[in-house]
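Data first, discussion second: the structure below is written as structure tokens.
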Amino acid sequence: MKTILNVIWLILCGFWMFLGYLLAGLLLCVTIIGIPFGLAAFRIGIYALWPFGYRVVDRRDAGSPSCVGNVLWLILAGWWLALGHITTGIALCITIIGIPLGIANFKLIPVSLMPFGKEIVSTDAQFAGW
């Protein structure tokens, strides 16, 4: 079922959101200071390309640098990437078939706003840390 949802997701909005994250990552990697932000954009972009079967987990070892990074990210790229998720989420929720995809889009908003201090893990490895 995850594969079917991922393929439908890829066709309807995943590829376009991936392109947005790719563009943001390339623009942020122009400067040396922006490279960590660009890498975060690439990481979330891959997650936005194929989201079903993965989830976002808070990292407990993330400290205050991740908070500062999140504030800078929000100013530089986070707000318009989240706006893209809101727009495509609303468009997908118009149809009954698109509702699960729209909900998945809404679940991507928190990580698109504040990606530092979060980790993307497979749902199959949810008990690996125990």
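Letters for chains follow the order of the structure tokens (A, B, ...), residue numbers begin at 1 for each chain, and ligand numbers begin at 1 in the order shown.
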TODO: Output as a PyMOL selection string all residues of stretch 4-92 of chain A that backbone DSSP marks as alpha helix (DSSP H).
DONE: chain A and resi 4-9+15-28+35-49+64-73+79-92
Open item on the list: Show me, as a list in words, the residues that have an atom within 10 Å of A:Leu49 when counting only C-alpha atoms, minus same-chain residues fewer than 5 positions from it.
Closed with: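 Residues meeting the cut-off are Asn6, Val7, Trp9, Leu10, Ile11, Cys13, Gly14, Phe15, Trp16, Met17, Phe18, Leu19, Tyr21 and Ile44 of chain A.
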Open item on the list: With DSSP run on the backbone, what are the strand (DSSP E) residues within stretch 2-128 of chain A? I'd like them as an MDAnalysis selection string.
Closed with: chainID A and resid 54:58 118:122
- [ ] For A:Pro51, list every protein, DNA or RNA residue within 8 Å, evaluated using only C-alpha atoms, and leave out those in the same chain fewer than 4 positions away; present the list as a ChimeraX atom specification.
- [x] /A:6,47,55,104
Residue selection dump (C-alpha atoms) as a short mmCIF file (atom, residue, chain, number, x, y, z; two decimals), in the first residue's frame:
data_model
loop_
_atom_site.label_atom_id
_atom_site.label_comp_id
_atom_site.auth_asym_id
_atom_site.auth_seq_id
_atom_site.Cartn_x
_atom_site.Cartn_y
_atom_site.Cartn_z
CA ASN A 6 4.07 6.89 -2.98
CA TYR A 47 11.53 12.77 2.10
CA ARG A 55 8.37 9.44 9.67
CA ALA A 104 0.49 13.63 4.35
#
Task: Length of the atom CA of A:Pro100 to atom CA of A:Leu81 vector [Å] - done: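 Atom CA of A:Leu81 lies at a distance of 19.7 Å from atom CA of A:Pro100.
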Open item on the list: Using only C-alpha atoms, can you tell me which of A:Leu74, A:Ile4, A:Leu83, A:Ile32 comes closest to A:Pro115?
Closed with: A:Leu74
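Comparing the minimum interatomic distances between A:Ala24 and each of A:Ala41, A:Ile97, A:Val56, A:Ile8, counting only C-alpha atoms, we find that A:Ala41 sits nearest.
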Task: Shortest interatomic distance to A:Val111 - which of A:Val30, A:Cys93, A:Leu23, A:Ala40, counting only C-alpha atoms - done: A:Ala40
- [ ] Can you pull out every residue within 8 Å of A:Val57, counting only C-alpha atoms, but drop anything in the same chain fewer than 3 positions away, and send it as a PyMOL selection string?
- [x] chain A and resi 118-121
Open item on the list: I'd like to know which of A:Met114, A:Leu39, A:Gly20, A:Leu108 is closest to A:Gly78, using only C-alpha atoms.
Closed with: A:Met114
Task: Atom-to-atom span, atom CA of A:Leu72 and atom CA of A:Leu113, Å - done: 10.3 Å
- [ ] Would you mind reading off the distance between atom CA of A:Gly102 and atom CA of A:Leu5, one decimal, in Å?
- [x] 11.5 Å
TODO: Find the residues around A:Gly117 up to 6 Å (only C-alpha atoms counted), leave out those fewer than 4 positions away in its own chain, and share them as a PyMOL selection string.
DONE: chain A and resi 59+62+66
Just-selected residues, all heavy atoms written as a short mmCIF file (atom, residue, chain, number, x, y, z; two decimals), in the first residue's frame:
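Output saved as out_26.cif:
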data_model
loop_
_atom_site.label_atom_id
_atom_site.label_comp_id
_atom_site.auth_asym_id
_atom_site.auth_seq_id
_atom_site.Cartn_x
_atom_site.Cartn_y
_atom_site.Cartn_z
N ARG A 59 15.17 14.61 17.55
CA ARG A 59 16.46 14.15 18.08
C ARG A 59 16.63 14.74 19.47
O ARG A 59 16.60 15.93 19.65
CB ARG A 59 17.59 14.59 17.18
CG ARG A 59 17.59 13.88 15.84
CD ARG A 59 18.77 14.27 15.03
NE ARG A 59 19.99 14.02 15.78
CZ ARG A 59 21.19 14.41 15.39
NH1 ARG A 59 21.32 15.07 14.26
NH2 ARG A 59 22.25 14.16 16.11
N ALA A 62 19.84 17.10 20.04
CA ALA A 62 19.94 18.40 19.36
C ALA A 62 19.90 19.51 20.40
O ALA A 62 19.05 19.52 21.29
CB ALA A 62 18.80 18.56 18.37
N SER A 66 20.65 23.92 16.91
CA SER A 66 19.53 23.56 16.05
C SER A 66 18.41 24.57 16.17
O SER A 66 17.70 24.84 15.20
CB SER A 66 19.03 22.15 16.36
OG SER A 66 18.47 22.09 17.65
#
Open item on the list: I need the residue nearest A:Phe42 from this list: A:Asp58, A:Thr95, A:Leu28, A:Leu22. Use only C-alpha atoms for the distance.
Closed with: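 Under the stated criterion, the closest residue is A:Leu22.
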